[in-house]
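Have a look at target_27.txt; it's compact mmCIF, C-alpha atoms (C1' of nucleotides):
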# COMPACT_ATOMS: atom_id res chain seq x y z
CA MET A 1 16.15 10.50 -17.92
CA THR A 2 16.25 8.19 -14.95
CA THR A 3 17.03 11.11 -12.69
CA ASP A 4 14.31 13.40 -14.01
CA ILE A 5 11.04 13.90 -12.27
CA LEU A 6 8.31 11.61 -13.48
CA PRO A 7 5.12 13.15 -14.85
CA HIS A 8 1.99 12.96 -12.72
CA ALA A 9 0.48 9.98 -14.51
CA GLN A 10 3.59 7.84 -14.39
CA ALA A 11 4.15 8.59 -10.74
CA ALA A 12 0.62 7.43 -10.10
CA GLU A 13 1.24 4.16 -11.91
CA LEU A 14 4.40 3.61 -9.95
CA ALA A 15 2.63 4.42 -6.71
CA GLU A 16 0.03 1.81 -7.54
CA THR A 17 2.72 -0.82 -7.89
CA PHE A 18 4.24 0.11 -4.57
CA GLY A 19 0.76 -0.02 -3.13
CA LEU A 20 0.53 -3.68 -3.99
CA LEU A 21 3.48 -4.31 -1.70
CA SER A 22 2.05 -2.18 1.07
CA ASP A 23 -0.34 -4.67 2.58
CA PRO A 24 1.17 -7.16 5.08
CA THR A 25 -0.80 -10.10 3.76
CA ARG A 26 -0.12 -9.34 0.14
CA LEU A 27 3.55 -8.65 0.77
CA SER A 28 3.86 -11.94 2.64
CA ILE A 29 2.42 -13.68 -0.38
CA VAL A 30 5.10 -12.12 -2.56
CA LEU A 31 7.82 -12.96 -0.06
CA SER A 32 6.66 -16.56 0.05
CA CYS A 33 7.55 -16.79 -3.64
CA ARG A 34 11.09 -15.57 -3.12
CA ASP A 35 12.61 -19.01 -2.80
CA GLY A 36 10.79 -20.68 -5.67
CA GLU A 37 7.33 -21.17 -7.06
CA ARG A 38 4.41 -22.11 -4.84
CA SER A 39 0.84 -23.13 -5.54
CA ALA A 40 -1.99 -20.86 -4.42
CA GLY A 41 -3.02 -23.48 -1.88
CA GLU A 42 0.49 -23.83 -0.46
CA ILE A 43 0.75 -20.08 -0.04
CA ALA A 44 -2.61 -19.87 1.70
CA GLN A 45 -1.66 -22.73 4.02
CA MET A 46 1.77 -21.26 4.80
CA LEU A 47 0.36 -17.89 5.71
CA GLY A 48 -2.83 -19.09 7.33
CA THR A 49 -4.98 -16.98 5.05
CA SER A 50 -8.12 -18.20 3.33
CA PRO A 51 -7.84 -19.49 -0.23
CA SER A 52 -10.26 -16.79 -1.27
CA LEU A 53 -8.26 -13.93 0.13
CA THR A 54 -5.00 -15.38 -1.12
CA SER A 55 -6.38 -15.73 -4.62
CA HIS A 56 -7.76 -12.23 -4.56
CA HIS A 57 -4.36 -10.81 -3.71
CA LEU A 58 -2.61 -13.02 -6.24
CA ARG A 59 -4.80 -11.66 -8.96
CA LEU A 60 -3.83 -8.10 -8.13
CA LEU A 61 -0.14 -9.03 -7.98
CA ARG A 62 -0.32 -10.80 -11.30
CA GLY A 63 -2.04 -7.84 -12.89
CA ALA A 64 0.89 -5.63 -11.96
CA ARG A 65 3.42 -8.23 -13.11
CA ILE A 66 4.80 -8.68 -9.64
CA VAL A 67 4.17 -12.40 -9.85
CA LYS A 68 3.55 -14.69 -12.79
CA SER A 69 1.41 -17.81 -12.77
CA GLU A 70 1.31 -21.17 -14.48
CA ARG A 71 -1.36 -23.80 -14.16
CA ARG A 72 -0.28 -27.41 -13.84
CA GLY A 73 -3.23 -29.72 -13.37
CA LYS A 74 -5.53 -28.55 -10.65
CA GLN A 75 -2.94 -26.28 -9.14
CA VAL A 76 -1.79 -22.84 -10.19
CA PHE A 77 1.81 -22.09 -9.35
CA TYR A 78 3.05 -18.60 -8.68
CA ALA A 79 6.56 -17.15 -8.87
CA LEU A 80 8.16 -13.72 -8.80
CA ALA A 81 7.72 -12.13 -12.21
CA ASP A 82 11.30 -10.99 -12.78
CA ALA A 83 14.60 -9.97 -11.25
CA CYS A 84 13.39 -6.43 -10.60
CA VAL A 85 10.89 -7.66 -8.08
CA ARG A 86 13.46 -9.85 -6.35
CA ASP A 87 15.96 -6.97 -6.25
CA VAL A 88 13.47 -4.47 -4.88
CA LEU A 89 12.56 -6.86 -2.09
CA THR A 90 16.19 -7.54 -1.26
CA ILE A 91 17.16 -3.89 -1.18
CA MET A 92 14.15 -2.89 0.84
CA ILE A 93 14.81 -5.61 3.40
CA GLU A 94 18.37 -4.36 3.65
CA HIS A 95 17.19 -0.78 4.07
CA GLN A 96 14.76 -1.80 6.75
CA PHE A 97 16.71 -4.24 8.87
CA THR A 98 20.37 -3.51 8.22
CA HIS A 99 21.08 0.16 8.71
CA ALA A 100 17.76 1.27 10.06
CA HIS A 101 18.21 0.95 13.78
CA GLU A 102 19.71 4.33 14.42
CA PRO A 103 17.27 6.67 16.15
CA ALA A 104 14.91 8.39 13.73
CA GLN A 105 15.76 11.91 12.60
CA SER A 106 14.13 14.74 14.45
CA THR A 107 15.54 17.80 12.66
CA MET B 1 18.56 -15.54 5.45
CA THR B 2 17.72 -13.09 2.70
CA THR B 3 15.76 -15.76 0.87
CA ASP B 4 13.80 -16.98 3.89
CA ILE B 5 10.28 -15.93 4.59
CA LEU B 6 10.03 -12.97 6.91
CA PRO B 7 8.08 -13.33 10.14
CA HIS B 8 4.68 -11.65 10.38
CA ALA B 9 5.90 -8.58 12.25
CA GLN B 10 8.82 -7.82 9.95
CA ALA B 11 6.68 -8.23 6.87
CA ALA B 12 4.28 -5.71 8.38
CA GLU B 13 7.10 -3.21 8.95
CA LEU B 14 8.28 -3.68 5.40
CA ALA B 15 4.77 -3.28 4.08
CA GLU B 16 4.48 -0.01 5.94
CA THR B 17 7.59 1.31 4.22
CA PHE B 18 6.24 0.33 0.81
CA GLY B 19 3.02 1.99 1.82
CA LEU B 20 4.80 5.30 2.12
CA LEU B 21 5.67 5.05 -1.56
CA SER B 22 2.16 4.05 -2.55
CA ASP B 23 0.55 7.46 -2.63
CA PRO B 24 1.03 9.49 -5.83
CA THR B 25 1.60 12.76 -4.01
CA ARG B 26 4.00 11.29 -1.50
CA LEU B 27 5.88 9.33 -4.13
CA SER B 28 6.22 12.46 -6.25
CA ILE B 29 7.76 14.18 -3.26
CA VAL B 30 10.33 11.42 -2.97
CA LEU B 31 10.99 11.48 -6.70
CA SER B 32 11.52 15.23 -6.59
CA CYS B 33 14.48 14.58 -4.30
CA ARG B 34 16.15 12.18 -6.68
CA ASP B 35 18.34 14.78 -8.35
CA GLY B 36 19.48 16.56 -5.23
CA GLU B 37 18.11 18.19 -2.12
CA ARG B 38 15.12 20.49 -2.18
CA SER B 39 13.47 22.70 0.40
CA ALA B 40 9.96 21.88 1.58
CA GLY B 41 8.72 25.00 -0.15
CA GLU B 42 10.40 24.17 -3.44
CA ILE B 43 8.86 20.72 -3.40
CA ALA B 44 5.41 22.07 -2.68
CA GLN B 45 5.76 24.61 -5.46
CA MET B 46 7.08 22.09 -7.98
CA LEU B 47 4.25 19.68 -7.35
CA GLY B 48 1.52 22.22 -6.81
CA THR B 49 0.61 20.80 -3.43
CA SER B 50 -0.04 22.90 -0.35
CA PRO B 51 2.82 23.46 2.08
CA SER B 52 0.69 21.81 4.72
CA LEU B 53 0.16 18.61 2.81
CA THR B 54 3.75 18.51 1.63
CA SER B 55 5.06 18.87 5.13
CA HIS B 56 2.72 16.21 6.41
CA HIS B 57 4.01 13.71 3.88
CA LEU B 58 7.62 14.71 4.47
CA ARG B 59 7.24 13.94 8.14
CA LEU B 60 6.03 10.43 7.38
CA LEU B 61 8.83 9.89 4.88
CA ARG B 62 11.44 11.10 7.32
CA GLY B 63 10.07 8.84 10.04
CA ALA B 64 10.68 5.83 7.83
CA ARG B 65 14.14 7.07 6.81
CA ILE B 66 13.12 7.41 3.20
CA VAL B 67 14.25 11.02 3.23
CA LYS B 68 16.51 12.95 5.57
CA SER B 69 16.23 16.62 6.42
CA GLU B 70 18.49 19.49 7.33
CA ARG B 71 17.49 22.95 8.36
CA ARG B 72 19.44 25.88 6.94
CA GLY B 73 18.02 29.18 8.04
CA LYS B 74 14.31 29.41 7.52
CA GLN B 75 14.29 26.52 5.08
CA VAL B 76 14.39 22.80 5.67
CA PHE B 77 16.07 20.85 2.92
CA TYR B 78 15.17 17.28 2.12
CA ALA B 79 17.14 14.58 0.33
CA LEU B 80 16.89 10.83 -0.21
CA ALA B 81 18.04 9.08 2.93
CA ASP B 82 20.42 6.58 1.36
CA ALA B 83 21.38 4.58 -1.73
CA CYS B 84 18.78 1.91 -0.99
CA VAL B 85 15.98 4.35 -1.61
CA ARG B 86 17.54 5.58 -4.83
CA ASP B 87 18.09 2.01 -6.03
CA VAL B 88 14.57 0.89 -5.23
CA LEU B 89 13.17 3.81 -7.19
CA THR B 90 15.44 3.16 -10.15
CA ILE B 91 14.65 -0.56 -10.29
CA MET B 92 10.94 -0.02 -9.88
CA ILE B 93 10.88 2.56 -12.65
CA GLU B 94 12.72 0.10 -14.87
CA HIS B 95 10.26 -2.65 -13.97
CA GLN B 96 7.32 -0.41 -14.71
CA PHE B 97 8.33 1.34 -17.88
CA THR B 98 10.99 -0.79 -19.54
CA HIS B 99 9.79 -4.37 -19.84
CA ALA B 100 6.25 -3.91 -18.71
CA HIS B 101 4.41 -3.26 -21.93
CA GLU B 102 3.73 -6.84 -22.87
CA PRO B 103 0.08 -7.77 -22.39
CA ALA B 104 -0.76 -8.76 -18.82
CA GLN B 105 -0.87 -12.44 -17.97
CA SER B 106 -4.22 -14.16 -18.01
CA THR B 107 -3.33 -17.72 -16.99
C1' DA C 1 10.19 42.78 20.66
C1' DC C 2 7.85 42.86 16.35
C1' DA C 3 6.97 41.68 11.63
C1' DA C 4 7.57 38.61 7.75
C1' DC C 5 8.56 34.35 5.97
C1' DA C 6 9.00 29.05 6.15
C1' DA C 7 7.48 24.99 7.87
C1' DT C 8 4.77 22.23 10.87
C1' DT C 9 0.82 20.51 13.59
C1' DC C 10 -4.03 19.57 14.51
C1' DA C 11 -8.72 17.89 13.83
C1' DA C 12 -12.47 16.59 10.79
C1' DC C 13 -14.24 14.85 6.52
C1' DA C 14 -14.33 11.95 2.32
C1' DA C 15 -12.56 8.27 -0.27
C1' DC C 16 -10.29 4.07 -0.69
C1' DT C 17 -9.10 -0.77 0.40
C1' DG C 18 -8.62 -5.37 2.83
C1' DT C 19 -11.46 -8.88 4.60
C1' DT C 20 -15.28 -11.99 4.89
C1' DT C 21 -18.81 -15.15 3.28
C1' DA C 22 -21.01 -17.47 -0.32
C1' DA C 23 -21.37 -18.94 -4.88
C1' DA C 24 -19.05 -20.17 -9.23
C1' DT C 25 -15.44 -21.81 -12.39
C1' DG C 26 -12.01 -25.04 -13.87
C1' DT C 27 -9.53 -29.64 -13.65
C1' DT C 28 -8.85 -34.54 -12.87
C1' DC C 29 -10.34 -39.17 -12.25
C1' DG C 30 -13.65 -43.08 -11.58
C1' DC D 1 -21.39 -37.57 -16.50
C1' DG D 2 -20.68 -36.77 -11.58
C1' DA D 3 -17.80 -36.26 -7.50
C1' DA D 4 -13.86 -34.25 -5.33
C1' DC D 5 -10.40 -31.00 -5.25
C1' DA D 6 -8.12 -26.26 -6.32
C1' DT D 7 -8.82 -21.80 -7.40
C1' DT D 8 -11.38 -17.89 -8.57
C1' DT D 9 -15.11 -14.37 -8.49
C1' DA D 10 -18.63 -11.27 -6.44
C1' DA D 11 -20.79 -8.10 -3.22
C1' DA D 12 -21.02 -5.90 1.28
C1' DC D 13 -18.98 -4.31 5.54
C1' DA D 14 -15.37 -2.17 8.46
C1' DG D 15 -11.22 0.01 9.09
C1' DT D 16 -7.65 2.84 7.29
C1' DT D 17 -5.73 6.92 4.99
C1' DG D 18 -5.09 11.29 2.13
C1' DT D 19 -6.70 15.89 2.00
C1' DT D 20 -8.13 20.34 3.61
C1' DG D 21 -8.11 24.69 6.28
C1' DA D 22 -6.89 27.01 10.37
C1' DA D 23 -3.83 27.67 14.02
C1' DT D 24 1.03 27.14 15.72
C1' DT D 25 5.98 26.90 15.94
C1' DG D 26 10.51 28.26 14.43
C1' DT D 27 13.86 31.56 12.15
C1' DT D 28 15.71 35.89 10.43
C1' DG D 29 16.15 40.83 10.15
C1' DT D 30 14.75 45.52 11.65

Is it possible to express this structure as structure tokens?
Amino acid sequence: MTTDILPHAQAAELAETFGLLSDPTRLSIVLSCRDGERSAGEIAQMLGTSPSLTSHHLRLLRGARIVKSERRGKQVFYALADACVRDVLTIMIEHQFTHAHEPAQST
Amino acid sequence: MTTDILPHAQAAELAETFGLLSDPTRLSIVLSCRDGERSAGEIAQMLGTSPSLTSHHLRLLRGARIVKSERRGKQVFYALADACVRDVLTIMIEHQFTHAHEPAQST
DNA sequence: ACAACAATTCAACAACTGTTTAAATGTTCG
DNA sequence: CGAACATTTAAACAGTTGTTGAATTGTTGT
């Protein structure tokens, strides 16, 4: 079943999830949660993005279960939602920066 | 190093790769290669997309080493580029359709 | 060389999406 | 309650991106 072709609708859902990782700012937000939870403000400060924009992206990421959130006092802390997310990031980084410096295929 | 935050430029590269998986049509093309190589024409026929559009997407995917190609006669056969791609797809499908049916987080 | 098939390229249009700015919500403490 | 802080929401603009249709390139066989 895992090797079958996914029906239209499911492929679209999956594509949407990948799409959330396809924006540099939003991906950086996710990556900033890789080594532990961070508050929305910390993330914004780290990346130099406005609190507004950061929050907007965090909402989308939370909606797709890429990150999870927990309020403690005034702050809301964000962390990667599960191991799948961490693994996908790790593998993709490997794919990109480990064996990806051979010249691109032309044929 | 794998748990550190990626610099701006590398995050952008990574985001671009995820972006290639973020379109339903293009993702379906990748998924159609999961159980072995397929010619451009076969893929187009399977998905019901025009040869033109299919080829356009395949070029982008090949450029990012998500698929690799090999011409045999008139046909050009495409396959997943490496295990990383296969793994990312598998994990993401698991993330999406296995433990993703709990109600979305509100806090 | 010509015809038939397979795949690719090109340019233009339409739709989507990230960003910004401003206003609003929620939380703690005096 | 009111002030200060942290985060969120909303609407509008600007830039990006997928799709289409026509023309082009490459390959095989006659």

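Close contacts of DA12 (chain D), defined as residues with an atom at most 12 Å away when counting only C-alpha atoms (C1' of nucleotides), with chain neighbours fewer than 4 positions off set aside, comprise C:DT19, C:DT20, C:DT21, C:DA22.
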
Which residues of chain C are close to chain B, meaning at most 8 Å apart when you count all atoms listed in the file, and how do they look as a PyMOL selection string?
-> chain C and resi 5-8

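Using all atoms listed in the file, the set of residues no farther than 6 Å from the position (6.5, -24.5, -8.0) comprises Glu37, Arg38 and Phe77 of chain A.
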
Pull out every residue of chain D sitting within 8 Å of chain B, counting only C-alpha atoms (C1' of nucleotides), and send them as a list in words.
-> DT19, DG26, DT27 and DT28 of chain D

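Residue-level contacts from chain A to chain B at 6 Å, counting all atoms listed in the file, read Thr3, Ile5, Ala11, Ala12, Ala15, Glu16, Phe18, Gly19, Leu21, Ser22, Asp23, Pro24, Ser32, Asp35, Cys84, Val88 and His95 of chain A.
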
Let's have the selection written as a PDB file, keeping the file's coordinate frame, with C-alpha atoms.
ATOM      1  CA  THR A   3      17.030  11.110 -12.690  1.00  0.00           C
ATOM      2  CA  ILE A   5      11.040  13.900 -12.270  1.00  0.00           C
ATOM      3  CA  ALA A  11       4.150   8.590 -10.740  1.00  0.00           C
ATOM      4  CA  ALA A  12       0.620   7.430 -10.100  1.00  0.00           C
ATOM      5  CA  ALA A  15       2.630   4.420  -6.710  1.00  0.00           C
ATOM      6  CA  GLU A  16       0.030   1.810  -7.540  1.00  0.00           C
ATOM      7  CA  PHE A  18       4.240   0.110  -4.570  1.00  0.00           C
ATOM      8  CA  GLY A  19       0.760  -0.020  -3.130  1.00  0.00           C
ATOM      9  CA  LEU A  21       3.480  -4.310  -1.700  1.00  0.00           C
ATOM     10  CA  SER A  22       2.050  -2.180   1.070  1.00  0.00           C
ATOM     11  CA  ASP A  23      -0.340  -4.670   2.580  1.00  0.00           C
ATOM     12  CA  PRO A  24       1.170  -7.160   5.080  1.00  0.00           C
ATOM     13  CA  SER A  32       6.660 -16.560   0.050  1.00  0.00           C
ATOM     14  CA  ASP A  35      12.610 -19.010  -2.800  1.00  0.00           C
ATOM     15  CA  CYS A  84      13.390  -6.430 -10.600  1.00  0.00           C
ATOM     16  CA  VAL A  88      13.470  -4.470  -4.880  1.00  0.00           C
ATOM     17  CA  HIS A  95      17.190  -0.780   4.070  1.00  0.00           C
TER      18      HIS A  95
END

From CA of Thr98 (chain B) to C1' of DT17 (chain C) the spacing works out at 28.3 Å

What separates C1' of DG30 (chain C) and CA of Glu42 (chain A) is a distance of 26.3 Å

Quick one: pull the distance between CA of Ala79 (chain B) and C1' of DA4 (chain C), Å, one decimal.
->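 Computing the Euclidean distance for CA of Ala79 (chain B) and C1' of DA4 (chain C) yields 26.9 Å.
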